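This is my_file-v7.txt (compact mmCIF, N, CA and C atoms).
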```txt
# COMPACT_ATOMS: atom_id res chain seq x y z
N MET A 1 12.31 15.37 27.68
CA MET A 1 11.33 14.74 26.80
C MET A 1 10.75 13.52 27.53
N THR A 2 9.44 13.43 27.57
CA THR A 2 8.79 12.35 28.32
C THR A 2 8.41 11.16 27.44
N HIS A 3 8.57 11.28 26.14
CA HIS A 3 8.22 10.16 25.27
C HIS A 3 9.33 9.12 25.28
N HIS A 4 8.95 7.91 25.10
CA HIS A 4 9.89 6.81 25.04
C HIS A 4 10.01 6.34 23.60
N TYR A 5 11.09 5.68 23.31
CA TYR A 5 11.37 5.17 21.97
C TYR A 5 10.18 4.39 21.40
N ILE A 6 9.64 3.48 22.19
CA ILE A 6 8.56 2.63 21.71
C ILE A 6 7.28 3.43 21.44
N ASP A 7 7.10 4.55 22.12
CA ASP A 7 5.91 5.38 21.92
C ASP A 7 5.81 5.89 20.48
N ILE A 8 6.95 6.15 19.89
CA ILE A 8 6.97 6.62 18.50
C ILE A 8 6.34 5.57 17.59
N PHE A 9 6.75 4.35 17.75
CA PHE A 9 6.30 3.29 16.86
C PHE A 9 4.89 2.81 17.21
N ASN A 10 4.51 2.94 18.47
CA ASN A 10 3.12 2.67 18.82
C ASN A 10 2.19 3.65 18.13
N LYS A 11 2.62 4.91 18.05
CA LYS A 11 1.81 5.94 17.38
C LYS A 11 1.71 5.65 15.88
N VAL A 12 2.83 5.28 15.27
CA VAL A 12 2.82 4.96 13.84
C VAL A 12 1.90 3.77 13.57
N GLU A 13 1.99 2.75 14.43
CA GLU A 13 1.13 1.58 14.27
C GLU A 13 -0.34 1.95 14.43
N LYS A 14 -0.65 2.79 15.39
CA LYS A 14 -2.03 3.22 15.62
C LYS A 14 -2.56 3.98 14.40
N ILE A 15 -1.74 4.83 13.84
CA ILE A 15 -2.14 5.57 12.63
C ILE A 15 -2.37 4.60 11.47
N TYR A 16 -1.48 3.62 11.33
CA TYR A 16 -1.61 2.64 10.25
C TYR A 16 -2.89 1.81 10.42
N ARG A 17 -3.19 1.41 11.64
CA ARG A 17 -4.41 0.64 11.89
C ARG A 17 -5.66 1.49 11.59
N SER A 18 -5.60 2.76 11.91
CA SER A 18 -6.71 3.66 11.59
C SER A 18 -6.87 3.79 10.08
N PHE A 19 -5.73 3.89 9.38
CA PHE A 19 -5.75 3.92 7.92
C PHE A 19 -6.42 2.67 7.36
N LEU A 20 -6.06 1.49 7.91
CA LEU A 20 -6.66 0.24 7.44
C LEU A 20 -8.16 0.21 7.70
N ASN A 21 -8.60 0.78 8.83
CA ASN A 21 -10.04 0.84 9.11
C ASN A 21 -10.76 1.71 8.09
N VAL A 22 -10.17 2.85 7.75
CA VAL A 22 -10.75 3.73 6.73
C VAL A 22 -10.78 3.01 5.38
N LEU A 23 -9.67 2.33 5.05
CA LEU A 23 -9.60 1.60 3.79
C LEU A 23 -10.66 0.50 3.73
N GLU A 24 -10.87 -0.18 4.84
CA GLU A 24 -11.89 -1.23 4.89
C GLU A 24 -13.28 -0.65 4.60
N LYS A 25 -13.58 0.49 5.17
CA LYS A 25 -14.87 1.16 4.91
C LYS A 25 -14.99 1.56 3.46
N ASP A 26 -13.89 2.05 2.87
CA ASP A 26 -13.91 2.44 1.46
C ASP A 26 -14.12 1.23 0.56
N ILE A 27 -13.48 0.10 0.90
CA ILE A 27 -13.66 -1.13 0.12
C ILE A 27 -15.14 -1.52 0.11
N GLU A 28 -15.77 -1.47 1.28
CA GLU A 28 -17.19 -1.79 1.38
C GLU A 28 -18.03 -0.78 0.61
N HIS A 29 -17.72 0.50 0.75
CA HIS A 29 -18.47 1.56 0.06
C HIS A 29 -18.41 1.38 -1.46
N PHE A 30 -17.24 0.99 -1.97
CA PHE A 30 -17.08 0.80 -3.42
C PHE A 30 -17.69 -0.51 -3.89
N GLY A 31 -18.08 -1.37 -2.96
CA GLY A 31 -18.68 -2.65 -3.33
C GLY A 31 -17.69 -3.72 -3.73
N PHE A 32 -16.45 -3.57 -3.29
CA PHE A 32 -15.42 -4.58 -3.59
C PHE A 32 -15.42 -5.63 -2.49
N TYR A 33 -16.48 -6.41 -2.43
CA TYR A 33 -16.64 -7.36 -1.34
C TYR A 33 -15.67 -8.54 -1.45
N ASP A 34 -15.01 -8.66 -2.59
CA ASP A 34 -14.04 -9.75 -2.77
C ASP A 34 -12.60 -9.29 -2.51
N LEU A 35 -12.42 -8.11 -1.92
CA LEU A 35 -11.09 -7.58 -1.61
C LEU A 35 -10.89 -7.45 -0.10
N ASN A 36 -9.66 -7.64 0.33
CA ASN A 36 -9.30 -7.28 1.70
C ASN A 36 -8.32 -6.10 1.64
N ASN A 37 -7.90 -5.61 2.79
CA ASN A 37 -7.02 -4.45 2.84
C ASN A 37 -5.72 -4.66 2.08
N ALA A 38 -5.08 -5.80 2.32
CA ALA A 38 -3.80 -6.08 1.67
C ALA A 38 -3.96 -6.12 0.16
N GLN A 39 -5.04 -6.72 -0.32
CA GLN A 39 -5.28 -6.80 -1.75
C GLN A 39 -5.53 -5.41 -2.34
N ALA A 40 -6.25 -4.57 -1.62
CA ALA A 40 -6.48 -3.20 -2.08
C ALA A 40 -5.17 -2.45 -2.19
N LEU A 41 -4.26 -2.64 -1.23
CA LEU A 41 -2.96 -1.97 -1.27
C LEU A 41 -2.10 -2.51 -2.42
N ILE A 42 -2.20 -3.79 -2.70
CA ILE A 42 -1.48 -4.36 -3.84
C ILE A 42 -1.99 -3.73 -5.13
N ILE A 43 -3.30 -3.64 -5.28
CA ILE A 43 -3.89 -3.00 -6.47
C ILE A 43 -3.42 -1.55 -6.57
N TYR A 44 -3.43 -0.85 -5.45
CA TYR A 44 -3.02 0.55 -5.46
C TYR A 44 -1.56 0.68 -5.89
N TYR A 45 -0.69 -0.12 -5.32
CA TYR A 45 0.73 -0.04 -5.67
C TYR A 45 0.94 -0.36 -7.15
N MET A 46 0.28 -1.41 -7.64
CA MET A 46 0.43 -1.77 -9.04
C MET A 46 -0.07 -0.65 -9.95
N GLY A 47 -1.20 -0.04 -9.60
CA GLY A 47 -1.74 1.05 -10.40
C GLY A 47 -0.84 2.26 -10.39
N LYS A 48 -0.27 2.54 -9.23
CA LYS A 48 0.64 3.69 -9.09
C LYS A 48 1.88 3.49 -9.95
N GLU A 49 2.40 2.27 -9.98
CA GLU A 49 3.59 1.96 -10.78
C GLU A 49 3.26 1.88 -12.26
N ASN A 50 2.01 1.55 -12.59
CA ASN A 50 1.50 1.54 -13.96
C ASN A 50 2.38 0.72 -14.91
N LYS A 51 2.70 -0.49 -14.48
CA LYS A 51 3.51 -1.35 -15.33
C LYS A 51 3.30 -2.80 -14.94
N THR A 52 3.69 -3.69 -15.84
CA THR A 52 3.74 -5.10 -15.52
C THR A 52 4.95 -5.32 -14.62
N MET A 53 4.75 -6.09 -13.56
CA MET A 53 5.86 -6.31 -12.63
C MET A 53 5.88 -7.74 -12.13
N PRO A 54 7.08 -8.23 -11.83
CA PRO A 54 7.16 -9.57 -11.23
C PRO A 54 6.71 -9.53 -9.77
N ILE A 55 6.24 -10.64 -9.29
CA ILE A 55 5.78 -10.73 -7.90
C ILE A 55 6.88 -10.30 -6.93
N GLY A 56 8.11 -10.67 -7.22
CA GLY A 56 9.23 -10.32 -6.35
C GLY A 56 9.37 -8.82 -6.15
N GLU A 57 9.18 -8.05 -7.21
CA GLU A 57 9.26 -6.59 -7.09
C GLU A 57 8.15 -6.06 -6.19
N LEU A 58 6.98 -6.62 -6.35
CA LEU A 58 5.85 -6.21 -5.51
C LEU A 58 6.14 -6.51 -4.05
N MET A 59 6.71 -7.66 -3.77
CA MET A 59 7.00 -8.04 -2.39
C MET A 59 8.07 -7.13 -1.79
N LYS A 60 9.03 -6.70 -2.60
CA LYS A 60 10.09 -5.81 -2.10
C LYS A 60 9.58 -4.42 -1.76
N SER A 61 8.44 -4.03 -2.32
CA SER A 61 7.91 -2.69 -2.05
C SER A 61 7.55 -2.52 -0.58
N GLY A 62 7.22 -3.65 0.10
CA GLY A 62 7.09 -3.63 1.55
C GLY A 62 5.78 -3.15 2.13
N TYR A 63 4.77 -2.91 1.32
CA TYR A 63 3.51 -2.40 1.84
C TYR A 63 2.66 -3.49 2.50
N TYR A 64 3.03 -4.73 2.35
CA TYR A 64 2.12 -5.82 2.70
C TYR A 64 2.66 -6.70 3.79
N LEU A 65 3.57 -6.18 4.60
CA LEU A 65 4.14 -6.99 5.67
C LEU A 65 3.01 -7.52 6.56
N GLY A 66 3.13 -8.75 6.92
CA GLY A 66 2.10 -9.35 7.76
C GLY A 66 0.99 -10.01 6.95
N SER A 67 1.03 -9.85 5.64
CA SER A 67 0.04 -10.52 4.82
C SER A 67 0.75 -11.56 3.96
N ASN A 68 0.02 -12.54 3.51
CA ASN A 68 0.56 -13.56 2.64
C ASN A 68 0.41 -13.06 1.21
N VAL A 69 1.47 -12.48 0.68
CA VAL A 69 1.40 -11.84 -0.64
C VAL A 69 1.04 -12.84 -1.72
N SER A 70 1.64 -14.02 -1.70
CA SER A 70 1.35 -15.03 -2.73
C SER A 70 -0.13 -15.39 -2.73
N TYR A 71 -0.68 -15.62 -1.55
CA TYR A 71 -2.10 -15.94 -1.44
C TYR A 71 -2.95 -14.79 -1.98
N ASN A 72 -2.63 -13.57 -1.57
CA ASN A 72 -3.43 -12.42 -2.00
C ASN A 72 -3.36 -12.20 -3.50
N ILE A 73 -2.21 -12.43 -4.09
CA ILE A 73 -2.09 -12.30 -5.54
C ILE A 73 -2.91 -13.37 -6.25
N LYS A 74 -2.85 -14.59 -5.72
CA LYS A 74 -3.65 -15.68 -6.29
C LYS A 74 -5.14 -15.32 -6.26
N GLN A 75 -5.60 -14.76 -5.12
CA GLN A 75 -7.00 -14.36 -4.99
C GLN A 75 -7.34 -13.22 -5.95
N LEU A 76 -6.42 -12.27 -6.11
CA LEU A 76 -6.65 -11.16 -7.04
C LEU A 76 -6.78 -11.68 -8.47
N GLY A 77 -6.01 -12.71 -8.79
CA GLY A 77 -6.12 -13.34 -10.11
C GLY A 77 -7.46 -14.04 -10.28
N LYS A 78 -7.86 -14.80 -9.27
CA LYS A 78 -9.15 -15.50 -9.32
C LYS A 78 -10.32 -14.53 -9.43
N SER A 79 -10.21 -13.38 -8.76
CA SER A 79 -11.29 -12.40 -8.76
C SER A 79 -11.26 -11.49 -9.98
N GLY A 80 -10.22 -11.62 -10.80
CA GLY A 80 -10.16 -10.86 -12.04
C GLY A 80 -9.58 -9.46 -11.92
N TYR A 81 -8.89 -9.16 -10.82
CA TYR A 81 -8.28 -7.84 -10.66
C TYR A 81 -6.91 -7.76 -11.32
N VAL A 82 -6.21 -8.89 -11.41
CA VAL A 82 -4.89 -8.91 -12.03
C VAL A 82 -4.80 -10.08 -13.01
N HIS A 83 -3.93 -9.90 -13.98
CA HIS A 83 -3.56 -10.98 -14.90
C HIS A 83 -2.19 -11.48 -14.47
N LEU A 84 -2.06 -12.78 -14.38
CA LEU A 84 -0.79 -13.40 -14.04
C LEU A 84 -0.26 -14.09 -15.29
N SER A 85 1.01 -13.86 -15.60
CA SER A 85 1.61 -14.50 -16.77
C SER A 85 3.04 -14.89 -16.44
N GLN A 86 3.46 -15.99 -17.02
CA GLN A 86 4.82 -16.47 -16.79
C GLN A 86 5.79 -15.57 -17.56
N SER A 87 6.89 -15.24 -16.92
CA SER A 87 7.92 -14.42 -17.56
C SER A 87 8.50 -15.17 -18.75
N GLU A 88 8.70 -14.45 -19.84
CA GLU A 88 9.29 -15.10 -21.01
C GLU A 88 10.80 -15.29 -20.83
N TYR A 89 11.40 -14.57 -19.88
CA TYR A 89 12.84 -14.66 -19.65
C TYR A 89 13.21 -15.64 -18.55
N ASP A 90 12.34 -15.74 -17.54
CA ASP A 90 12.61 -16.62 -16.40
C ASP A 90 11.32 -17.37 -16.09
N LYS A 91 11.27 -18.63 -16.46
CA LYS A 91 10.05 -19.43 -16.32
C LYS A 91 9.61 -19.62 -14.88
N ARG A 92 10.51 -19.33 -13.92
CA ARG A 92 10.15 -19.43 -12.50
C ARG A 92 9.44 -18.18 -12.01
N SER A 93 9.49 -17.11 -12.78
CA SER A 93 8.94 -15.82 -12.36
C SER A 93 7.56 -15.59 -12.98
N VAL A 94 6.69 -15.00 -12.17
CA VAL A 94 5.34 -14.67 -12.63
C VAL A 94 5.19 -13.16 -12.66
N ASN A 95 4.70 -12.65 -13.78
CA ASN A 95 4.47 -11.22 -13.93
C ASN A 95 3.01 -10.89 -13.66
N LEU A 96 2.79 -9.70 -13.13
CA LEU A 96 1.45 -9.23 -12.80
C LEU A 96 1.12 -7.98 -13.59
N THR A 97 -0.11 -7.91 -14.05
CA THR A 97 -0.63 -6.73 -14.72
C THR A 97 -2.04 -6.50 -14.22
N LEU A 98 -2.39 -5.25 -13.95
CA LEU A 98 -3.78 -4.97 -13.57
C LEU A 98 -4.70 -5.24 -14.75
N SER A 99 -5.81 -5.88 -14.49
CA SER A 99 -6.86 -6.05 -15.50
C SER A 99 -7.67 -4.76 -15.55
N ASP A 100 -8.64 -4.70 -16.44
CA ASP A 100 -9.53 -3.53 -16.49
C ASP A 100 -10.25 -3.36 -15.15
N LYS A 101 -10.69 -4.48 -14.57
CA LYS A 101 -11.35 -4.44 -13.26
C LYS A 101 -10.39 -3.90 -12.19
N GLY A 102 -9.15 -4.34 -12.23
CA GLY A 102 -8.15 -3.85 -11.29
C GLY A 102 -7.85 -2.38 -11.50
N GLN A 103 -7.80 -1.94 -12.75
CA GLN A 103 -7.55 -0.53 -13.04
C GLN A 103 -8.70 0.34 -12.53
N GLN A 104 -9.93 -0.15 -12.68
CA GLN A 104 -11.09 0.60 -12.16
C GLN A 104 -11.02 0.70 -10.64
N ALA A 105 -10.63 -0.38 -9.99
CA ALA A 105 -10.48 -0.34 -8.53
C ALA A 105 -9.38 0.65 -8.15
N TYR A 106 -8.25 0.60 -8.85
CA TYR A 106 -7.17 1.55 -8.58
C TYR A 106 -7.66 2.98 -8.72
N ASP A 107 -8.38 3.26 -9.78
CA ASP A 107 -8.87 4.63 -10.02
C ASP A 107 -9.74 5.11 -8.87
N LYS A 108 -10.58 4.22 -8.34
CA LYS A 108 -11.43 4.60 -7.21
C LYS A 108 -10.61 4.86 -5.95
N PHE A 109 -9.64 3.99 -5.68
CA PHE A 109 -8.78 4.19 -4.52
C PHE A 109 -7.95 5.47 -4.66
N GLN A 110 -7.42 5.70 -5.85
CA GLN A 110 -6.61 6.89 -6.09
C GLN A 110 -7.45 8.15 -5.86
N SER A 111 -8.65 8.15 -6.36
CA SER A 111 -9.54 9.30 -6.18
C SER A 111 -9.85 9.52 -4.69
N ARG A 112 -10.12 8.43 -3.99
CA ARG A 112 -10.43 8.53 -2.56
C ARG A 112 -9.22 9.01 -1.76
N PHE A 113 -8.04 8.49 -2.07
CA PHE A 113 -6.83 8.93 -1.37
C PHE A 113 -6.56 10.40 -1.63
N ASN A 114 -6.84 10.87 -2.84
CA ASN A 114 -6.69 12.30 -3.13
C ASN A 114 -7.68 13.13 -2.32
N GLU A 115 -8.91 12.65 -2.19
CA GLU A 115 -9.91 13.35 -1.36
C GLU A 115 -9.42 13.45 0.09
N LEU A 116 -8.91 12.35 0.60
CA LEU A 116 -8.43 12.34 1.99
C LEU A 116 -7.22 13.25 2.17
N LEU A 117 -6.33 13.27 1.20
CA LEU A 117 -5.17 14.15 1.29
C LEU A 117 -5.61 15.61 1.25
N ASN A 118 -6.58 15.94 0.40
CA ASN A 118 -7.10 17.31 0.35
C ASN A 118 -7.74 17.70 1.67
N ALA A 119 -8.49 16.78 2.26
CA ALA A 119 -9.12 17.06 3.55
C ALA A 119 -8.06 17.27 4.63
N LEU A 120 -7.04 16.43 4.62
CA LEU A 120 -5.95 16.56 5.58
C LEU A 120 -5.21 17.88 5.39
N SER A 121 -5.02 18.26 4.13
CA SER A 121 -4.30 19.51 3.83
C SER A 121 -5.04 20.74 4.32
N LYS A 122 -6.34 20.63 4.48
CA LYS A 122 -7.11 21.76 5.00
C LYS A 122 -6.85 21.96 6.49
N ASN A 123 -6.47 20.88 7.17
CA ASN A 123 -6.21 20.93 8.61
C ASN A 123 -4.73 21.08 8.95
N LEU A 124 -3.87 20.77 7.99
CA LEU A 124 -2.43 20.87 8.20
C LEU A 124 -1.83 21.77 7.11
N SER A 125 -0.94 22.64 7.51
CA SER A 125 -0.27 23.48 6.52
C SER A 125 0.65 22.60 5.67
N LYS A 126 0.99 23.10 4.51
CA LYS A 126 1.91 22.39 3.62
C LYS A 126 3.25 22.18 4.33
N ASP A 127 3.69 23.17 5.10
CA ASP A 127 4.96 23.06 5.83
C ASP A 127 4.91 21.93 6.86
N LYS A 128 3.80 21.82 7.58
CA LYS A 128 3.68 20.76 8.59
C LYS A 128 3.65 19.39 7.93
N LEU A 129 2.95 19.27 6.81
CA LEU A 129 2.88 18.01 6.10
C LEU A 129 4.27 17.61 5.58
N GLU A 130 5.00 18.57 5.02
CA GLU A 130 6.35 18.29 4.54
C GLU A 130 7.27 17.92 5.71
N ARG A 131 7.11 18.59 6.82
CA ARG A 131 7.91 18.29 8.01
C ARG A 131 7.62 16.87 8.51
N PHE A 132 6.35 16.49 8.47
CA PHE A 132 5.96 15.14 8.86
C PHE A 132 6.71 14.10 8.02
N PHE A 133 6.74 14.30 6.71
CA PHE A 133 7.45 13.36 5.85
C PHE A 133 8.95 13.37 6.10
N GLU A 134 9.50 14.53 6.40
CA GLU A 134 10.92 14.61 6.74
C GLU A 134 11.22 13.79 8.01
N VAL A 135 10.37 13.93 9.01
CA VAL A 135 10.56 13.19 10.26
C VAL A 135 10.41 11.69 10.01
N MET A 136 9.40 11.29 9.25
CA MET A 136 9.21 9.86 8.98
C MET A 136 10.39 9.31 8.17
N ASP A 137 10.89 10.08 7.21
CA ASP A 137 12.08 9.65 6.46
C ASP A 137 13.28 9.48 7.39
N HIS A 138 13.39 10.38 8.35
CA HIS A 138 14.49 10.30 9.31
C HIS A 138 14.38 9.00 10.13
N PHE A 139 13.19 8.68 10.60
CA PHE A 139 13.00 7.43 11.36
C PHE A 139 13.34 6.22 10.50
N GLU A 140 12.86 6.23 9.26
CA GLU A 140 13.13 5.11 8.37
C GLU A 140 14.64 4.96 8.15
N ASP A 141 15.30 6.07 7.89
CA ASP A 141 16.74 6.06 7.69
C ASP A 141 17.47 5.56 8.94
N PHE A 142 17.04 6.05 10.09
CA PHE A 142 17.64 5.63 11.36
C PHE A 142 17.52 4.12 11.54
N LEU A 143 16.34 3.59 11.28
CA LEU A 143 16.12 2.16 11.49
C LEU A 143 16.91 1.30 10.50
N TYR A 144 16.88 1.68 9.24
CA TYR A 144 17.56 0.85 8.23
C TYR A 144 19.07 1.00 8.27
N ARG A 145 19.55 2.21 8.44
CA ARG A 145 20.99 2.40 8.38
C ARG A 145 21.63 2.37 9.76
N GLY A 146 20.90 2.81 10.77
CA GLY A 146 21.48 2.91 12.09
C GLY A 146 21.32 1.68 12.95
N CYS A 147 20.25 0.94 12.72
CA CYS A 147 19.96 -0.19 13.61
C CYS A 147 20.10 -1.55 12.93
N VAL A 148 19.78 -1.63 11.65
CA VAL A 148 19.83 -2.90 10.94
C VAL A 148 21.18 -2.98 10.24
N ARG A 149 21.94 -3.95 10.62
CA ARG A 149 23.30 -4.07 10.03
C ARG A 149 23.44 -5.38 9.31
```
Turn the structure described in the file into structure tokens.
Amino acid sequence: MTHHYIDIFNKVEKIYRSFLNVLEKDIEHFGFYDLNNAQALIIYYMGKENKTMPIGELMKSGYYLGSNVSYNIKQLGKSGYVHLSQSEYDKRSVNLTLSDKGQQAYDKFQSRFNELLNALSKNLSKDKLERFFEVMDHFEDFLYRGCVR
């Protein structure tokens, strides 16, 4: 095998950067000029979970590494995509809920992601796509359980 360990993760990073470029174009196409990539992913995750959640839970989901989650949430609140409310049980905790504007943005992203998945499925068999996820799960498992102690 001629591939090196780092080549695997360089490829994953390249795919992720390409995904962010596509997402950026979609943000512009939808007219969400007040959103960045990280904020769009936060909206998507919140919409997918379809519940009020504390900021800490959102941060643990891990989709936003490299971004300032607190800043992005504050901006989402200012732009009207999310409602921020103090937890009634823990006054130090802030809960997030998508606003109607945030739900509309989520719906557009969800629809677009479904279009992209359908397009990808036309080029990849269901077996290959499932195998891809199996391999990615294996890498994730290897890194978390095998390397991080």
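For the set A:Asn118, A:Thr97, A:Gln86, A:Gln104, the residue with the smallest atom-to-atom gap to Asn50 (chain A) is A:Thr97, counting only C-alpha atoms.
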Surrounding residues of Asn36 (chain A) excluding itself and chain neighbours under 6 positions, 9 Å, only C-alpha atoms, as an MDAnalysis selection string: chainID A and resid 24 27 72
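Remark: for Lys60 (chain A), the closest of the candidate residues A:Tyr33, A:Tyr45, A:Gly102, A:Leu124 is A:Tyr45 (distances computed over only C-alpha atoms).
By all atoms listed in the file, and with residues fewer than 3 positions from His83 (chain A) along its chain excluded, the set lying at most 6 Å from it is A:Gly77, A:Asn95, A:Leu96, A:Thr97, A:Leu98, A:Ser99.
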Show me as an mmCIF file with N, CA and C atoms, keeping the file's coordinate frame the residues that reach within 6.5 Å of (-4.1, 1.8, -5.4), counting all atoms listed in the file and using the file's own coordinates.
```
data_model
loop_
_atom_site.group_PDB
_atom_site.id
_atom_site.type_symbol
_atom_site.label_atom_id
_atom_site.label_comp_id
_atom_site.auth_asym_id
_atom_site.auth_seq_id
_atom_site.Cartn_x
_atom_site.Cartn_y
_atom_site.Cartn_z
ATOM 1 N N ALA A 40 -6.250 -4.570 -1.620
ATOM 2 C CA ALA A 40 -6.480 -3.200 -2.080
ATOM 3 C C ALA A 40 -5.170 -2.450 -2.190
ATOM 4 N N LEU A 41 -4.260 -2.640 -1.230
ATOM 5 C CA LEU A 41 -2.960 -1.970 -1.270
ATOM 6 C C LEU A 41 -2.100 -2.510 -2.420
ATOM 7 N N ILE A 42 -2.200 -3.790 -2.700
ATOM 8 C CA ILE A 42 -1.480 -4.360 -3.840
ATOM 9 C C ILE A 42 -1.990 -3.730 -5.130
ATOM 10 N N ILE A 43 -3.300 -3.640 -5.280
ATOM 11 C CA ILE A 43 -3.890 -3.000 -6.470
ATOM 12 C C ILE A 43 -3.420 -1.550 -6.570
ATOM 13 N N TYR A 44 -3.430 -0.850 -5.450
ATOM 14 C CA TYR A 44 -3.020 0.550 -5.460
ATOM 15 C C TYR A 44 -1.560 0.680 -5.890
ATOM 16 N N TYR A 45 -0.690 -0.120 -5.320
ATOM 17 C CA TYR A 45 0.730 -0.040 -5.670
ATOM 18 C C TYR A 45 0.940 -0.360 -7.150
ATOM 19 N N MET A 46 0.280 -1.410 -7.640
ATOM 20 C CA MET A 46 0.430 -1.770 -9.040
ATOM 21 C C MET A 46 -0.070 -0.650 -9.950
ATOM 22 N N GLY A 47 -1.200 -0.040 -9.600
ATOM 23 C CA GLY A 47 -1.740 1.050 -10.400
ATOM 24 C C GLY A 47 -0.840 2.260 -10.390
ATOM 25 N N LYS A 48 -0.270 2.540 -9.230
ATOM 26 C CA LYS A 48 0.640 3.690 -9.090
ATOM 27 C C LYS A 48 1.880 3.490 -9.950
ATOM 28 N N ALA A 105 -10.630 -0.380 -9.990
ATOM 29 C CA ALA A 105 -10.480 -0.340 -8.530
ATOM 30 C C ALA A 105 -9.380 0.650 -8.150
ATOM 31 N N TYR A 106 -8.250 0.600 -8.850
ATOM 32 C CA TYR A 106 -7.170 1.550 -8.580
ATOM 33 C C TYR A 106 -7.660 2.980 -8.720
ATOM 34 N N ASP A 107 -8.380 3.260 -9.780
ATOM 35 C CA ASP A 107 -8.870 4.630 -10.020
ATOM 36 C C ASP A 107 -9.740 5.110 -8.870
ATOM 37 N N PHE A 109 -9.640 3.990 -5.680
ATOM 38 C CA PHE A 109 -8.780 4.190 -4.520
ATOM 39 C C PHE A 109 -7.950 5.470 -4.660
ATOM 40 N N GLN A 110 -7.420 5.700 -5.850
ATOM 41 C CA GLN A 110 -6.610 6.890 -6.090
ATOM 42 C C GLN A 110 -7.450 8.150 -5.860
#
```
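CA of Glu13 (chain A) to CA of Ser79 (chain A) spans 29.7 Å [interatomic distance, one decimal].
Across the model, the gap from CA of Met53 (chain A) to CA of Ile15 (chain A) is 29.0 Å.
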A:Arg17, A:Lys74, A:Lys11, A:His29 ranked by distance to Met136 (chain A), top pick (using only C-alpha atoms): A:Lys11
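Between CA of Gly80 (chain A) and atom N of Asp100 (chain A) there is a distance of 7.7 Å.
With only C-alpha atoms as the basis for measurement, A:Asn37 is the residue among A:Thr52, A:Asn37, A:Leu129, A:Leu116 that approaches Lys25 (chain A) most closely.
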Strand (DSSP E) per DSSP on the backbone: members of chain A, as a PyMOL selection string: chain A and resi 53-54+82-86+94-98
Filtered DSSP result for region 90-131 of chain A, state helix (DSSP H, G or I), as a PyMOL selection string: chain A and resi 100-123+126-131
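Using all atoms listed in the file, the nearest neighbour of Lys108 (chain A) within the list A:Asn21, A:Phe30, A:Leu120, A:Glu130 is A:Phe30.
Nearest residue to Gln103 (chain A), choosing from A:Glu28, A:Ser121, A:Phe139, A:Tyr81 and counting only N, CA and C atoms: A:Tyr81.
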